[in-house]
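Taking it in order: structure first as structure tokens, then the write-up.
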Amino acid sequence: MAAPALINGTTRVAQKALLRGLRVTRRLIRRTGKTPGSAPGTLVHTGERRVEKTRLHLIRYGADRIEERDVASPAECLPANDHDTVTWLDVTGLHETDLLAQVGRLAGMHPLLLEDVMSTGQRPKQEEYEQHHYLVLRMLQFDADRNEISEEQISVVVGTNYVISFQESAGDVWDPVRERIRTARGSIRQRGPDYLAYALLDAVVDGYFAIVEAIGDQIEVLEAEVIQEPERATITRIYQIKGEMLIARKAVWPLRDLFNTLIRDESRLFTDSTKIFLRDAYDHAVQVIDSVETMRDLSASLVDLYLSSVSNRMNEVMKMLTLIATLFIPLTFIVGVYGMNFQFMPELHWRWGYPAIWAVIVGLSTALLLYFRKRRWL
Amino acid sequence: MAAPALINGTTRVAQKALLRGLRVTRRLIRRTGKTPGSAPGTLVHTGERRVEKTRLHLIRYGADRIEERDVASPAECLPANDHDTVTWLDVTGLHETDLLAQVGRLAGMHPLLLEDVMSTGQRPKQEEYEQHHYLVLRMLQFDADRNEISEEQISVVVGTNYVISFQESAGDVWDPVRERIRTARGSIRQRGPDYLAYALLDAVVDGYFAIVEAIGDQIEVLEAEVIQEPERATITRIYQIKGEMLIARKAVWPLRDLFNTLIRDESRLFTDSTKIFLRDAYDHAVQVIDSVETMRDLSASLVDLYLSSVSNRMNEVMKMLTLIATLFIPLTFIVGVYGMNFQFMPELHWRWGYPAIWAVIVGLSTALLLYFRKRRWL
Amino acid sequence: MAAPALINGTTRVAQKALLRGLRVTRRLIRRTGKTPGSAPGTLVHTGERRVEKTRLHLIRYGADRIEERDVASPAECLPANDHDTVTWLDVTGLHETDLLAQVGRLAGMHPLLLEDVMSTGQRPKQEEYEQHHYLVLRMLQFDADRNEISEEQISVVVGTNYVISFQESAGDVWDPVRERIRTARGSIRQRGPDYLAYALLDAVVDGYFAIVEAIGDQIEVLEAEVIQEPERATITRIYQIKGEMLIARKAVWPLRDLFNTLIRDESRLFTDSTKIFLRDAYDHAVQVIDSVETMRDLSASLVDLYLSSVSNRMNEVMKMLTLIATLFIPLTFIVGVYGMNFQFMPELHWRWGYPAIWAVIVGLSTALLLYFRKRRWL
Amino acid sequence: MAAPALINGTTRVAQKALLRGLRVTRRLIRRTGKTPGSAPGTLVHTGERRVEKTRLHLIRYGADRIEERDVASPAECLPANDHDTVTWLDVTGLHETDLLAQVGRLAGMHPLLLEDVMSTGQRPKQEEYEQHHYLVLRMLQFDADRNEISEEQISVVVGTNYVISFQESAGDVWDPVRERIRTARGSIRQRGPDYLAYALLDAVVDGYFAIVEAIGDQIEVLEAEVIQEPERATITRIYQIKGEMLIARKAVWPLRDLFNTLIRDESRLFTDSTKIFLRDAYDHAVQVIDSVETMRDLSASLVDLYLSSVSNRMNEVMKMLTLIATLFIPLTFIVGVYGMNFQFMPELHWRWGYPAIWAVIVGLSTALLLYFRKRRWL
Amino acid sequence: MAAPALINGTTRVAQKALLRGLRVTRRLIRRTGKTPGSAPGTLVHTGERRVEKTRLHLIRYGADRIEERDVASPAECLPANDHDTVTWLDVTGLHETDLLAQVGRLAGMHPLLLEDVMSTGQRPKQEEYEQHHYLVLRMLQFDADRNEISEEQISVVVGTNYVISFQESAGDVWDPVRERIRTARGSIRQRGPDYLAYALLDAVVDGYFAIVEAIGDQIEVLEAEVIQEPERATITRIYQIKGEMLIARKAVWPLRDLFNTLIRDESRLFTDSTKIFLRDAYDHAVQVIDSVETMRDLSASLVDLYLSSVSNRMNEVMKMLTLIATLFIPLTFIVGVYGMNFQFMPELHWRWGYPAIWAVIVGLSTALLLYFRKRRWL
């Protein structure tokens with residue numbers, strides 16, 4: 001779509017809102033880079049390249065030891081032979097197809113799984129494969145500069161003694177988890193890869209609360225605008241915030257199913273003690289979903305509020321016009337009468353004709369003003 | 001969000017409504033105080049501190065005895081060794097993390113359970129643990145001064161011979177239950193901790209009816225306003241009442257599930273005779289949900305009513321303007337004609353020219369007024 | 001809520017609609033008379049007292065005999081010892097707490113059941129107790145004077161050889177059933193208490209069709225009003241009819257569940273041959289639900305119709321104003337030009353100046369009128 | 001409801017639409033002729049009598065023979081003794097209670113079944129009885145003269161070797177089926193009564209496609225009207241078409257359940273080979289439901305389109321008014337200035353005063369017109 | 001429906017939109033060419049004939065060989081005797097009834113299956129027959145010239161060693177699949193007919209993403225239009241895009257069920273290893289459904305945006321009018337006063353009368369302009 005060449009007749013604020021508005025739809029409709037009909041398992045990275053070089057970061061830990069370093073090739077650490085430790089390989093950057101294919105081969109991943117990891121328009125889901133569990137989520141972050149949500153696809157593959165995570169760009173959402181592993185805070189060092197997977201998921205879900213608060217703040221600002229001084233750009237911004245909520249919604253709604261399946265299904269990989277924690281993460285996800293739905297309701301009401309605000313404003317303008325017109329049009333008629341040039345107009349020659357006309361004018365105006373006051377127009 | 005510095009052009013009522021409106025969104029979007037990615041089970045109190053000091057109140061009762069006192073430390077009463085009595089420990093105030101951790105440790109609570117007790121943005125739910133049942137509800141009270149609903153999180157932990165309840169501030173909603181225990185009214189003294197838990201839940205649910213009535217009263221006032229004299233602030237107040245209903249809705253909707261699970265599931269802790277009472281509480285919850293949904297329907301219709309009221313008002317104003325303009329603009333034209341200064345205008349010199357013009361003016365006005373009456377504009 | 005002291009600026013019709021409108025909300029939000037936290041099973045009659053004195057009416061019948069009389073005390077007829085006959089005790093008036101408690105005790109009713117019988121805000125439901133089945137419905141009648149639906153709570157307790165029915169006021173909806181028992185019409189005398197219960201339920205459900213027709217009639221009247229001559233009060237009446245439909249909806253929606261459970265569940269009390277009849281009553285209930293939903297759809301469309309009707313009306317008014325203004329304002333300008341007093345205005349001295357101006361005026365008007373006709377404004 | 005005596009102020013088209021509109025509601029709300037509380041199984045024909053005399057038409061066929069004739073009494077052909085042939089008794093006209101009771105008695109029908117056959121407001125359903133299956137559907141036909149859907153209730157009772165069908169009036173929808181039996185086209189002569197029942201149902205469902213097309217045509221006409229030249233009557237016709245769709249919807253929605261139950265349930269009467277055909281009929285029903293839902297969506301959008309069309313029209317009118325007023329009101333002021341009679345007004349005596357004023361007038365008009373063009377109002 | 005003969009008063013863009021709009025409804029309501037009541041299994045091709053002659057294209061392949069050619073008659077290749085190879089017969093063009101009947105007979109297809117293949121208004125579905133699985137989908141393609149979606153019905157019959165596909169016109173959506181077979185890319189040559197069927201389905205589903213993107217582009221253009229310069233045609237185009245989305249929706253919604261059933265059901269024909277691929281296709285279908293729903297939400301908001309845009313525009317026009325009128329009408333009155341011809345008007349003879357009037361005029365205008373600025377109208 002060609003960008004509109006000329007945006008005339010709107011304020012600069014509206015123009016900025018417009019450009020952002022366009023971005024919402026663009027971000028909502030995910031583009032696939034795949035050729036239709038191409039063989040399944042074809043590895044194509046569909047998102048934008050966000051990091052210079054794919055980085056492989058390894059943390060291998062057990063109850064009493066920890067090893068952490070960047071690795072050059074997945075062969076250095078996969079397959080994870082040691083069953084007493086948990087191996088976490090974190091892959092940042094998804095554009096190096098060969099490297100990812102190598103990771104997939106070493107970990108025995110199904111080609112379709114690897115395809116999903118790389119095509120970044122996945123709906124959150126979980127899939128069980130013979131040797132591992134595949135979890136895909138969408139991490140959301142609020143970009144305060146652009147005033148919009150940025151999305152990133154997060155994949156987590158859980159095996160018997162390893163976790164491989166994939167993300168598009170280096171983020172700090174998992175830093176607290178790394179810190180907990182390093183400092184052995186909480187029980188994470190005593191637990192298996194399923195608990196690590198939970199911890200990663202939980203960190204992503206925790207991040208949604210910040211999104212909810214950011215959108216909530218925007219809605220508060222819009223409420224204030226609508227009630228005080230609604231402008232043309234206000235409704236555009238409501239439209240945009242609705243778009244942001246749709247993005248949030250697409251990220252969080254499927255989580256209900258995802259966690260429910262993880263908790264209910266019998267699975268070799270997720271132990272009962274971890275499932276209690278997954279239930280907690282599920283509760284958080286439901287809280288986020290609740291909040292998003294509530295905000296949808298609020299923003300729908302906000303449109304009503306805006307429309308009635310515009311109508312009320314128009315009403316005021318019309319009242320003003322009607323007042324002036326109703327007051328002066330009859331008076332103009334009266335003075336018009338005595339501007340006529342008839343030869344025989346007795347009033348014109350009366351001594352008190354002119355003062356009498358003023359008396360009529362003042363009397364009529366007063367009567368009209370009293371009438372308006374009675375009708376509550378003044 | 002910075003509060004808008006200047007609220008110009010609106011009445012004081014609208015401004016007050018505005019400030020309240022902002023509070024609705026703020027209250028609907030629950031803020032977590034937790035750092036994303038922090039270890040699960042981290043105890044952080046997320047609400048505002050509402051009482052000076054946490055108070056531990058103990059009631060221990062059996063069929064024929066009762067003991068009631070404040071305790072300084074939970075160790076004085078937990079674990080409850082005596083299986084013939086029911087021990088009810090009521091904890092008021094959730095900000096003293098250490099004290100609550102001590103309660104949790106003595107009662108053998110899971111760290112996640114205690115985390116939920118303290119982070120006050122929980123969705124109502126029930127969870128079964130090995131040694132106890134955890135129930136969390138939201139108590140609502142109508143604050144007549146602020147004209148808004150205030151929320152409080154209520155947690156109830158039911159064990160084999162004890163009930164531990166947690167609330168954010170001292171309230172009187174459970175006073176009737178205490179009174180029933182003290183006076184041995186009803187069968188409460190003969191029954192176990194599951195019945196006590198039911199009684200606590202039932203008291204909270206009973207409180208919802210007052211909320212429903214308060215919102216219903218507000219809607220009635222708004223109906224009267226919309227029908228009589230809708231102002232700009234009216235729609236803002238409808239918006240606010242919709243927000244209050246969203247708060248009520250978030251508190252009551254999950255109760256359907258909560259009670260359903262309690263009643264249907266096999267549980268060591270809840271006996272069949274108590275389940276009959278839980279079914280009664282479930283019915284009450286469903287009645288409240290029904291009423292909230294009905295009021296949502298009503299308030300949606302109220303917006304239609306308001307908008308059509310504004311339109312009708314505009315119609316009246318326009319009719320007024322059109323009447324005046326249609327009546328006087330042609331007349332002004334006519335008198336304008338005879339205000340022209342042409343040298344040769346025979347009418348000006350006619351003897352009856354001026355009276356004839358008046359006849360034309362009166363005739364035309366009468367015809368227009370009759371036409372307006374026929375079109376029902378008068 | 002204080003009733004609004006002054007209703008100015010509205011017509012009398014609108015005021016009456018207002019007062020009725022307020023009643024809708026009041027009737028929709030059921031008030032409980034119970035103190036929150038009071039012991040379950042506390043007997044409080046929550047409705048208004050509708051009859052002077054509670055009346056106990058007994059009909060005892062078998063295939064070949066019938067006995068019918070008013071009884072002073074339930075002890076005269078309960079418990080029903082004879083297993084060859086069916087005992088129907090009809091209790092009219094729910095305010096005499098002691099009498100009802102006595103009925104409950106004799107029939108072995110659970111305290112919660114009796115509480116539900118007396119608190120008249122129940123949602124329709126069925127509950128199975130050890131010795132009997134409890135059914136509660138809402139009887140609706142259309143009050144033609146007030147132009148509104150009046151509600152009454154109907155409880156039916158079915159035992160092995162008896163039926164106890166409770167109603168708030170004496171009504172004639174069950175008279176046909178009594179008549180069928182007296183005259184042994186149909187098979188009612190050959191059948192058990194379950195069939196009697198069905199007959200009572202069926203009579204209540206049959207009554208809903210009259211409500212549906214009454215609301216349907218109102219909607220037809222409103223349709224005619226909206227299409228012909230929409231007034232301000234019309235939308236208020238649409239609002240009110242929507243409220244009436246909400247009342248009907250709350251009474252009929254739960255019936256689907258109620259009958260479904262009765263038909264599907266295994267129950268000692270309801271025999272298979274009666275279940276065929278219950279299936280018929282279920283069909284009727286679903287027909288009523290269908291009709292209520294259809295009318296909701298219609299009334300929603302009616303609001304659209306009203307709003308567009310108001311807009312169209314405004315359009316007509318505006319066209320009128322624009323026509324007049326567009327026609328006369330330019331003409332007034334032209335005559336104004338020749339009303340100027342410049343010393344040197346050659347036209348004023350032309351011989352045919354004045355007729356020429358008239359020619360211009362007539363020509364311009366004709367051109368404008370032709371233009372309006374082309375734009376379809378005339 | 002009395003028809004409104006005077007419909008003034010609306011065009012004839014709107015009046016006709018009005019009268020039709022009223023009929024929609026009337027047709028949607030089915031009236032029962034039954035007295036509330038009357039014994040179940042009471043036979044009352046609730047529809048209008050559409051044929052003079054009930055006609056009993058018999059077709060008895062096997063693989064190699066066929067017999068077809070009108071019979072005077074059901075006793076001539078019922079019960080159908082011969083198990084090698086299929087007996088199809090088609091009853092047209094439902095008002096002769098005694099005759100239908102006789103049919104019912106001979107075929108061993110349950111009184112409730114017969115009551116349903118005669119009370120013509122049934123929701124489509126299927127019911128299994130001991131000796132036969134009862135199917136009730138609503139046949140729809142588009143009445144091109146009245147421009148509305150006409151409904152008829154169709155009942156089909158399927159036994160082991162017979163089918164009894166009931167319809168309100170003689171229609172030709174089943175003629176192709178008769179023709180197939182007569183000419184032994186397809187496999188119908190080789191198959192049992194279950195296949196005949198399927199063929200009858202399928203013919204009814206096929207008829208719905210014509211309804212869908214007729215409504216679709218109406219919507220197309222309305223689309224064209226709304227886009228080109230929306231009139232007041234247009235919205236009334238949209239309202240009416242929505243009513244017609246509600247009628248269609250009530251007829252087709254329950255079919256999904258009906259066919260699903262027939263296909264899934266184990267039934268002695270419907271063989272597996274017939275079920276494949278029922279699945280086909282089910283697919284057709286779902287296609288119709290899909291189309292009706294799609295048209296509902298379209299007609300909802302049509303209302304938006306209409307409202308914005310009306311708004312746009314108003315905008316155009318207002319622009320016209322504003323243009324004229326903004327152009328001429330200032331000019332009229334200017335010429336008014338020089339119409340004043342002050343003794344000392346130097347401009348009046350200037351030689352070029354009058355031409356100068358014209359210059360001002362032309363200059364100002366041009367400037368305003370350019371401004372309007374820039375604002376895109378011209 | 002006769003096409004409207006005269007479309008006056010609308011721009012050419014609106015007219016084009018109109019004609020397209022009409023096509024939407026026409027395309028949404030599928031016409032059946034079947035006579036109601038005709039025997040099931042009657043073969044009638046209901047779509048338009050899109051190719052000159054039906055083409056039968058055969059590909060027979062195994063792991064190590066491939067044979068590809070056009071065949072003149074299905075007898076040349078059906079039934080497929082060789083169980084080591086997969087026979088894919090692709091039939092393009094559905095109007096040659098006899099040829100298709102021959103295909104059906106050779107492959108042992110049920111008459112109803114063949115009827116469904118030829119009547120091109122099927123809802124996507126899958127049906128299991130004894131010897132094969134029948135899958136029907138709707139292929140969508142975006143026709144950039146007409147700016148609309150074109151639909152085509154795709155049928156796939158899967159047997160133990162063959163796949164027969166039917167399409168209405170020659171398309172290139174399956175060319176990549178053919179290419180993969182020819183070049184033995186991927187594992188398609190090693191796998192059975194079930195995998196081939198999956199590949200065909202997957203290619204169709206992949207094509208939906210292009211549709212989603214095309215509609216998304218349209219919505220972006222409309223957003224830009226609504227925000228900048230909404231015209232009358234804009235809302236018509238929103239209406240049309242909604243229609244296109246309904247078409248897309250009807251094609252994709254049933255896929256959820258279709259794939260779910262294929263994946264869950266036990267089926268001889270679909271192996272577990274193929275089911276993993278079907279799960280992938282299911283995920284893609286759900287992504288498309290998600291996107292379509294999101295776009296529906298967006299387009300609903302777009303209508304709000306458009307309506308408020310129109311209202312805002314009207315507000316601006318009204319403000320302009322009111323400004324001009326409020327400014328000049330009082331001034332015109334004032335100058336009218338001194339245009340009166342009274343004999344005794346002292347002001348007229350004052351030396352500074354005329355300048356004083358100018359002072360009044362300038363003062364009043366300034367005051368009004370300041371007032372307008374304060375009310376933020378300027």
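So you can find residues: chains in the structure tokens are A, B, ... in the order shown, residues in each start at 1, and ligands are numbered from 1 in order.
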At most 7 Å to chain A: residues in chain E, only C-alpha atoms, as an MDAnalysis selection string: chainID E and resid 173:174 176:177 186 202:203 206:207 213 216:217 220 224 227:228 287 291 294 301 305 308 312 315 319 322 326 329:330 333 336:337 339:345
Residue list (alpha helix (DSSP H), DSSP) for stretch 258-373 of chain C, as a ChimeraX atom specification: /C:258-264,272-337,346-349,353-373
Atom pair atom CA of C:Ser165 / atom CA of C:Leu100: separation (Å): 11.5 Å
Residues within 7 Å of stretch 156-164 of chain A, only C-alpha atoms, excluding chain neighbours under 5 positions, as a VMD selection string: chain A and resid 80 83 85 to 90 131 to 136 193 to 194 197 269
Serialized selection, N, CA and C atoms, as a CSV table (one decimal), in the first residue's frame:
chain,number,residue,atom,x,y,z
A,80,ALA,N,22.7,-33.3,25.6
A,80,ALA,CA,23.1,-33.1,27.0
A,80,ALA,C,23.2,-34.5,27.6
A,83,HIS,N,22.7,-36.7,33.1
A,83,HIS,CA,21.4,-36.6,33.6
A,83,HIS,C,21.2,-36.0,35.0
A,85,THR,N,22.4,-33.0,35.7
A,85,THR,CA,22.4,-31.5,35.5
A,85,THR,C,21.3,-31.1,34.5
A,86,VAL,N,21.0,-29.9,34.5
A,86,VAL,CA,20.0,-29.3,33.6
A,86,VAL,C,20.8,-28.4,32.6
A,87,THR,N,20.7,-28.7,31.3
A,87,THR,CA,21.4,-27.8,30.3
A,87,THR,C,20.4,-26.9,29.7
A,88,TRP,N,20.7,-25.6,29.8
A,88,TRP,CA,19.8,-24.6,29.2
A,88,TRP,C,20.6,-23.9,28.1
A,89,LEU,N,20.2,-24.1,26.9
A,89,LEU,CA,20.8,-23.5,25.7
A,89,LEU,C,19.8,-22.4,25.2
A,90,ASP,N,20.3,-21.1,25.3
A,90,ASP,CA,19.4,-20.0,24.9
A,90,ASP,C,19.9,-19.5,23.6
A,131,GLN,N,10.3,-36.9,22.1
A,131,GLN,CA,11.4,-36.7,23.0
A,131,GLN,C,11.3,-35.4,23.8
A,132,HIS,N,10.4,-34.5,23.4
A,132,HIS,CA,10.4,-33.2,24.1
A,132,HIS,C,9.0,-32.6,23.9
A,133,HIS,N,8.9,-31.5,24.7
A,133,HIS,CA,7.7,-30.7,24.7
A,133,HIS,C,8.0,-29.4,24.0
A,134,TYR,N,7.2,-28.9,23.2
A,134,TYR,CA,7.4,-27.6,22.5
A,134,TYR,C,6.4,-26.6,23.0
A,135,LEU,N,6.9,-25.5,23.4
A,135,LEU,CA,6.0,-24.4,23.9
A,135,LEU,C,6.4,-23.1,23.1
A,136,VAL,N,5.4,-22.4,22.6
A,136,VAL,CA,5.7,-21.2,21.9
A,136,VAL,C,4.8,-20.1,22.5
A,193,PRO,N,14.4,-29.7,34.4
A,193,PRO,CA,14.2,-28.8,33.3
A,193,PRO,C,12.7,-28.4,33.2
A,194,ASP,N,11.8,-29.1,33.7
A,194,ASP,CA,10.4,-28.7,33.6
A,194,ASP,C,10.2,-27.5,34.4
A,197,ALA,N,11.6,-24.6,32.6
A,197,ALA,CA,10.6,-24.1,31.6
A,197,ALA,C,9.5,-23.3,32.2
A,269,LEU,N,7.3,-35.4,31.2
A,269,LEU,CA,8.3,-34.3,31.4
A,269,LEU,C,7.9,-33.4,32.5
